[in-house]
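Input: a single structure, listed below in structure tokens.
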Amino acid sequence: MTTTQEAVAAAERCTPEFRRDPHAVYAQLRDEAPVCPMRPPHGNETYLVTRYEDARAALSDPRLSKDMYGAMDAYRRIFGDSSVALDDNMLNSDAPKHTRLRRLVNSAFTPRRVQALRPRIEEIVQSLLDACPARERFDLLPAFAFPLPIIVICDLLGVPPEDRSRMQHLSTTVAQTGFGEEAKRAQQQAEEDLHAYFSELIGAKRDRPGDDLLSALTAVRDGDGGLTENELVSTAFLLMFAGHKTTAYLIGNAVHHLLTHPAQLRAVREDPELIRAAVEELVRYDGSVESATFRYATEDVEYGGTRIPKGALVQIAISSANRDPRKFDAPDELDVTRPGNAQDAHIGFGHGSHYCLGAPLARLETQLALTRLFERFPGMALADPAAGPHWLEVPFPAFRGLAELQVVLNPAG
């Protein structure tokens, strides 16, 4: 048993042990310091929120701003100057700007457009599984979990097939950046390359529009006008980045946990209709978004009896909130038949006005990926169950995902 201060220090410094398994630390903090001050490596005063009710309230609290321009000094210390041009989007804005941007994107990124992707997603899933070795161990992440959402989102946006691998490489560089100088330089170069790429692609879509989301976004207008050039570039990056990283890690996490919980996998196999509830439970149990994005207090606020001063950053621990026993019975158990497992019970896709725009697509991809994978390879197993999972150990808890997932699809014997 560690002290409260040791638990805070582990979360603050993102120690390798904490990155491998944050849940024990979060459980201790929920009990002993549910809203605790930290000073992470980026140097900004930060408050970590770990309980469900506090987290859910904070996600929709207008006093906790997501407008990066309102806290630019803190923003630059964390992300650097090069991020500003790519982050001028609805994720990093408040109303009324957020309302305008989301309305414009919603008008093009419709539920009908997402559902129309189902046959194409099925085709991609089957094609990727065709290419996987059946009897040899291999890493499922680069062979299946990552290619599926990157192909889907590139198809949706209208990114040419020959550019997919470059998009994935640049996105990985941005996602896995650290606080050291070398990592910052790599991040800056990747962000500059992404900005240049999408600026050029948007120009091409404007000249020769196609039946894709990026072409639709260049043309969309409402009473307040359309997206500015920089908003277009930034929105394209947001949709591409968020549209594949989180889904890829979610698929990996889901496969790992189903393989290590055979009774739950058996339940899904015996009742295919259970896949929708199973995906929601997997998002709750160990989703791919560990912490919500950048927020700061525009005035003094109080959560859990703790005063958060004006100007402080607020880090909302989604993974912790979704394991809070005050909200969920037996939260550390994976239960795909969990009663009341409605889509709005967990906050894995956020809450309030910033609820994840791509949640329907992420759900659809994950449901189809898991269904077809286990349907086609019912004997699939971890290549080395005794080795344990190899989790990402990046220095900021934004994503929760595996670094690799070694499996055998059709073990001999």
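Chain lettering (A, B, ...) mirrors the order of the structure tokens, residue numbering begins at 1 for each chain separately, and ligand numbering begins at 1 in order of display.
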
Original post:
Running DSSP on the backbone, which parts of range 64-249 of chain A land in strand (DSSP E or B), as a VMD selection string?
Top reply: chain A and resid 64 to 65 138 to 139 222 225

Original post:
Hey, what's within 9 Å of range 196-210 of chain A if we count only C-alpha atoms and toss same-chain stuff fewer than 6 positions away? As a PyMOL selection string, please?
Top reply: chain A and resi 158-159+216+218-219+229-230+232-234+236-237

Next, dump the selected residues to file, keeping only N, CA, C and O atoms, as a PDB file, in the first residue's frame.
```
ATOM      1  N   GLY A 158     -11.254  11.421 -47.917  1.00  0.00           N
ATOM      2  CA  GLY A 158     -10.798  11.585 -49.296  1.00  0.00           C
ATOM      3  C   GLY A 158      -9.291  11.678 -49.397  1.00  0.00           C
ATOM      4  O   GLY A 158      -8.752  12.258 -50.352  1.00  0.00           O
ATOM      5  N   VAL A 159      -8.570  11.093 -48.414  1.00  0.00           N
ATOM      6  CA  VAL A 159      -7.105  11.016 -48.468  1.00  0.00           C
ATOM      7  C   VAL A 159      -6.725   9.862 -49.400  1.00  0.00           C
ATOM      8  O   VAL A 159      -7.214   8.736 -49.224  1.00  0.00           O
ATOM      9  N   ALA A 216     -16.985  17.951 -48.841  1.00  0.00           N
ATOM     10  CA  ALA A 216     -18.224  18.502 -48.278  1.00  0.00           C
ATOM     11  C   ALA A 216     -17.928  19.637 -47.310  1.00  0.00           C
ATOM     12  O   ALA A 216     -18.634  20.651 -47.279  1.00  0.00           O
ATOM     13  N   THR A 218     -15.375  21.674 -47.346  1.00  0.00           N
ATOM     14  CA  THR A 218     -14.918  22.884 -48.051  1.00  0.00           C
ATOM     15  C   THR A 218     -16.092  23.658 -48.612  1.00  0.00           C
ATOM     16  O   THR A 218     -15.999  24.876 -48.830  1.00  0.00           O
ATOM     17  N   ALA A 219     -17.221  22.972 -48.842  1.00  0.00           N
ATOM     18  CA  ALA A 219     -18.372  23.619 -49.465  1.00  0.00           C
ATOM     19  C   ALA A 219     -19.436  24.048 -48.468  1.00  0.00           C
ATOM     20  O   ALA A 219     -20.308  24.857 -48.805  1.00  0.00           O
ATOM     21  N   GLU A 229     -10.015  28.902 -43.657  1.00  0.00           N
ATOM     22  CA  GLU A 229      -8.992  28.000 -44.189  1.00  0.00           C
ATOM     23  C   GLU A 229      -8.274  27.260 -43.066  1.00  0.00           C
ATOM     24  O   GLU A 229      -8.059  26.048 -43.133  1.00  0.00           O
ATOM     25  N   ASN A 230      -7.899  27.985 -42.010  1.00  0.00           N
ATOM     26  CA  ASN A 230      -7.188  27.331 -40.915  1.00  0.00           C
ATOM     27  C   ASN A 230      -8.091  26.378 -40.143  1.00  0.00           C
ATOM     28  O   ASN A 230      -7.656  25.317 -39.692  1.00  0.00           O
ATOM     29  N   LEU A 232     -10.516  24.701 -41.475  1.00  0.00           N
ATOM     30  CA  LEU A 232     -10.630  23.526 -42.337  1.00  0.00           C
ATOM     31  C   LEU A 232      -9.440  22.587 -42.153  1.00  0.00           C
ATOM     32  O   LEU A 232      -9.608  21.371 -41.990  1.00  0.00           O
ATOM     33  N   VAL A 233      -8.244  23.147 -42.192  1.00  0.00           N
ATOM     34  CA  VAL A 233      -7.023  22.345 -42.033  1.00  0.00           C
ATOM     35  C   VAL A 233      -7.025  21.670 -40.667  1.00  0.00           C
ATOM     36  O   VAL A 233      -6.751  20.472 -40.533  1.00  0.00           O
ATOM     37  N   SER A 234      -7.348  22.445 -39.643  1.00  0.00           N
ATOM     38  CA  SER A 234      -7.338  21.922 -38.282  1.00  0.00           C
ATOM     39  C   SER A 234      -8.415  20.859 -38.084  1.00  0.00           C
ATOM     40  O   SER A 234      -8.183  19.844 -37.413  1.00  0.00           O
ATOM     41  N   ALA A 236      -9.687  18.912 -40.433  1.00  0.00           N
ATOM     42  CA  ALA A 236      -9.238  17.728 -41.174  1.00  0.00           C
ATOM     43  C   ALA A 236      -8.252  16.917 -40.338  1.00  0.00           C
ATOM     44  O   ALA A 236      -8.355  15.681 -40.252  1.00  0.00           O
ATOM     45  N   PHE A 237      -7.309  17.609 -39.704  1.00  0.00           N
ATOM     46  CA  PHE A 237      -6.348  16.917 -38.841  1.00  0.00           C
ATOM     47  C   PHE A 237      -7.058  16.245 -37.671  1.00  0.00           C
ATOM     48  O   PHE A 237      -6.785  15.087 -37.344  1.00  0.00           O
TER      49      PHE A 237
END
```

Original post:
Which of these residues is nearest to Leu157 in chain A, using only C-alpha atoms: A:Leu239, A:Ala267, A:Val114, A:Ala312?
Top reply: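 Residue with the minimum atom-to-atom distance to Leu157 in chain A: A:Leu239.
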
**OP:** Find the residue from A:Val125, A:Leu392, A:Val105, A:Cys356 that sits nearest to Ala369 in chain A; use only C-alpha atoms when measuring.
**Re:**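 Under the stated criterion, the closest residue is A:Val125.
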
Original post:
Of the candidates A:Leu214, A:Ala134, A:Ala359, A:Leu227, which one gets nearest to His98 in chain A if we count only C-alpha atoms?
Top reply: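 Closest to His98 in chain A, using only C-alpha atoms: A:Leu227.
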
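Between Gln406 in chain A and the candidates A:Val255, A:Leu250, A:Ile121, A:Ile318, the tightest atom-to-atom separation, counting only C-alpha atoms, involves A:Val255.
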
**OP:** Name the residues in contact with range 27-30 of chain A at a cut-off of 9 Å, using only C-alpha atoms, excluding same-chain residues fewer than 5 positions from it; report them as a VMD selection string.
**Re:** chain A and resid 2 to 4 7 to 8 22 35 to 36 49 to 51 320 to 321 323 to 324

**OP:** Give me the residues within 12 Å of Ile251 in chain A as a PyMOL selection string, counting only C-alpha atoms and dropping any in the same chain fewer than 4 places off.
**Re:** chain A and resi 140-142+144-149+244-247+255-258+279+282-283+286-288+362-371+373+400-402+405

Include N, CA, C and O atoms and write out the residues we just selected as a compact mmCIF listing (two decimals), in the first residue's frame.
```
# COMPACT_ATOMS: atom_id res chain seq x y z
N LEU A 140 -1.15 -8.15 -33.80
CA LEU A 140 -2.43 -7.79 -34.38
C LEU A 140 -2.60 -6.28 -34.57
O LEU A 140 -3.41 -5.86 -35.40
N LEU A 141 -1.85 -5.47 -33.83
CA LEU A 141 -2.04 -4.03 -33.93
C LEU A 141 -1.67 -3.49 -35.31
O LEU A 141 -2.52 -2.87 -35.97
N PRO A 142 -0.43 -3.68 -35.80
CA PRO A 142 -0.11 -3.14 -37.14
C PRO A 142 -0.75 -3.91 -38.27
O PRO A 142 -0.87 -3.39 -39.39
N PHE A 144 -3.94 -5.32 -38.15
CA PHE A 144 -5.40 -5.25 -38.20
C PHE A 144 -5.97 -4.03 -37.46
O PHE A 144 -6.72 -3.24 -38.04
N ALA A 145 -5.62 -3.87 -36.20
CA ALA A 145 -6.26 -2.83 -35.37
C ALA A 145 -5.99 -1.43 -35.88
O ALA A 145 -6.89 -0.57 -35.84
N PHE A 146 -4.78 -1.15 -36.37
CA PHE A 146 -4.47 0.19 -36.88
C PHE A 146 -4.88 0.38 -38.34
O PHE A 146 -5.44 1.43 -38.68
N PRO A 147 -4.60 -0.56 -39.23
CA PRO A 147 -4.99 -0.33 -40.63
C PRO A 147 -6.49 -0.12 -40.83
O PRO A 147 -6.89 0.69 -41.67
N LEU A 148 -7.32 -0.83 -40.07
CA LEU A 148 -8.77 -0.69 -40.26
C LEU A 148 -9.23 0.75 -40.11
O LEU A 148 -9.79 1.33 -41.06
N PRO A 149 -9.03 1.40 -38.96
CA PRO A 149 -9.53 2.78 -38.84
C PRO A 149 -8.79 3.80 -39.69
O PRO A 149 -9.40 4.79 -40.11
N HIS A 244 -8.73 7.68 -35.97
CA HIS A 244 -8.12 6.35 -36.08
C HIS A 244 -7.35 5.93 -34.84
O HIS A 244 -7.37 4.76 -34.46
N LYS A 245 -6.67 6.84 -34.16
CA LYS A 245 -5.86 6.45 -33.00
C LYS A 245 -6.72 5.82 -31.91
O LYS A 245 -6.41 4.74 -31.40
N THR A 246 -7.78 6.52 -31.52
CA THR A 246 -8.59 6.04 -30.41
C THR A 246 -9.27 4.71 -30.76
O THR A 246 -9.35 3.81 -29.92
N THR A 247 -9.75 4.58 -32.00
CA THR A 247 -10.41 3.34 -32.40
C THR A 247 -9.43 2.19 -32.48
O THR A 247 -9.74 1.06 -32.07
N VAL A 255 -9.77 -6.74 -27.84
CA VAL A 255 -9.33 -8.10 -28.17
C VAL A 255 -8.56 -8.70 -27.00
O VAL A 255 -8.81 -9.85 -26.59
N HIS A 256 -7.64 -7.94 -26.43
CA HIS A 256 -6.85 -8.43 -25.30
C HIS A 256 -7.75 -8.84 -24.14
O HIS A 256 -7.60 -9.94 -23.58
N HIS A 257 -8.68 -7.99 -23.78
CA HIS A 257 -9.51 -8.29 -22.60
C HIS A 257 -10.50 -9.43 -22.86
O HIS A 257 -10.79 -10.21 -21.95
N LEU A 258 -11.00 -9.56 -24.07
CA LEU A 258 -11.88 -10.69 -24.37
C LEU A 258 -11.10 -12.01 -24.34
O LEU A 258 -11.61 -13.03 -23.86
N VAL A 279 -19.25 -3.84 -26.49
CA VAL A 279 -18.36 -2.73 -26.84
C VAL A 279 -18.48 -1.60 -25.82
O VAL A 279 -17.48 -1.01 -25.40
N LEU A 282 -16.60 -2.66 -22.77
CA LEU A 282 -15.15 -2.62 -23.02
C LEU A 282 -14.64 -1.18 -22.99
O LEU A 282 -13.53 -0.92 -22.52
N VAL A 283 -15.43 -0.25 -23.50
CA VAL A 283 -15.05 1.17 -23.42
C VAL A 283 -14.99 1.60 -21.96
O VAL A 283 -14.07 2.30 -21.53
N ASP A 286 -11.85 -0.55 -20.01
CA ASP A 286 -10.48 -0.14 -20.35
C ASP A 286 -10.47 0.49 -21.74
O ASP A 286 -9.90 -0.04 -22.68
N GLY A 287 -11.13 1.64 -21.85
CA GLY A 287 -11.20 2.34 -23.13
C GLY A 287 -9.88 2.95 -23.53
O GLY A 287 -8.89 2.92 -22.79
N SER A 288 -9.86 3.53 -24.72
CA SER A 288 -8.60 4.03 -25.27
C SER A 288 -8.30 5.48 -24.90
O SER A 288 -7.20 5.96 -25.16
N ALA A 362 -16.74 4.99 -34.36
CA ALA A 362 -15.87 4.15 -33.53
C ALA A 362 -16.61 2.90 -33.07
O ALA A 362 -16.06 1.79 -33.08
N ARG A 363 -17.87 3.08 -32.67
CA ARG A 363 -18.68 1.92 -32.26
C ARG A 363 -18.87 0.94 -33.41
O ARG A 363 -18.71 -0.27 -33.25
N LEU A 364 -19.21 1.46 -34.57
CA LEU A 364 -19.46 0.61 -35.73
C LEU A 364 -18.21 -0.17 -36.11
O LEU A 364 -18.27 -1.40 -36.33
N GLU A 365 -17.08 0.50 -36.20
CA GLU A 365 -15.82 -0.18 -36.56
C GLU A 365 -15.46 -1.25 -35.54
O GLU A 365 -15.05 -2.36 -35.92
N THR A 366 -15.58 -0.93 -34.26
CA THR A 366 -15.19 -1.89 -33.22
C THR A 366 -16.13 -3.08 -33.20
O THR A 366 -15.69 -4.24 -33.08
N GLN A 367 -17.42 -2.85 -33.33
CA GLN A 367 -18.38 -3.95 -33.37
C GLN A 367 -18.10 -4.89 -34.53
O GLN A 367 -18.06 -6.12 -34.36
N LEU A 368 -17.88 -4.33 -35.72
CA LEU A 368 -17.63 -5.17 -36.89
C LEU A 368 -16.29 -5.88 -36.80
O LEU A 368 -16.16 -7.05 -37.17
N ALA A 369 -15.28 -5.18 -36.29
CA ALA A 369 -13.95 -5.79 -36.17
C ALA A 369 -13.98 -6.99 -35.23
O ALA A 369 -13.45 -8.07 -35.57
N LEU A 370 -14.59 -6.84 -34.06
CA LEU A 370 -14.63 -7.93 -33.09
C LEU A 370 -15.50 -9.08 -33.59
O LEU A 370 -15.14 -10.26 -33.45
N THR A 371 -16.65 -8.74 -34.16
CA THR A 371 -17.57 -9.78 -34.65
C THR A 371 -16.90 -10.66 -35.69
O THR A 371 -16.89 -11.90 -35.59
N LEU A 373 -13.65 -10.91 -36.51
CA LEU A 373 -12.41 -11.53 -36.05
C LEU A 373 -12.69 -12.83 -35.30
O LEU A 373 -12.12 -13.89 -35.62
N ARG A 400 -4.86 5.22 -23.70
CA ARG A 400 -4.65 3.96 -22.99
C ARG A 400 -4.67 2.88 -24.06
O ARG A 400 -5.72 2.60 -24.67
N GLY A 401 -3.51 2.29 -24.34
CA GLY A 401 -3.46 1.30 -25.41
C GLY A 401 -2.25 0.40 -25.28
O GLY A 401 -1.33 0.67 -24.50
N LEU A 402 -2.27 -0.65 -26.03
CA LEU A 402 -1.18 -1.62 -26.04
C LEU A 402 -0.09 -1.19 -27.02
O LEU A 402 -0.38 -0.61 -28.06
N LEU A 405 0.34 -6.56 -29.52
CA LEU A 405 -0.63 -7.59 -29.15
C LEU A 405 -0.32 -8.84 -29.98
O LEU A 405 -0.84 -9.03 -31.08
```

Original post:
What separation in Å, quoted to one decimal, exists between CA of Ala403 in chain A and CA of Trp391 in chain A?
Top reply: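 If I compute the distance from CA of Ala403 in chain A to CA of Trp391 in chain A, I get 5.2 Å.
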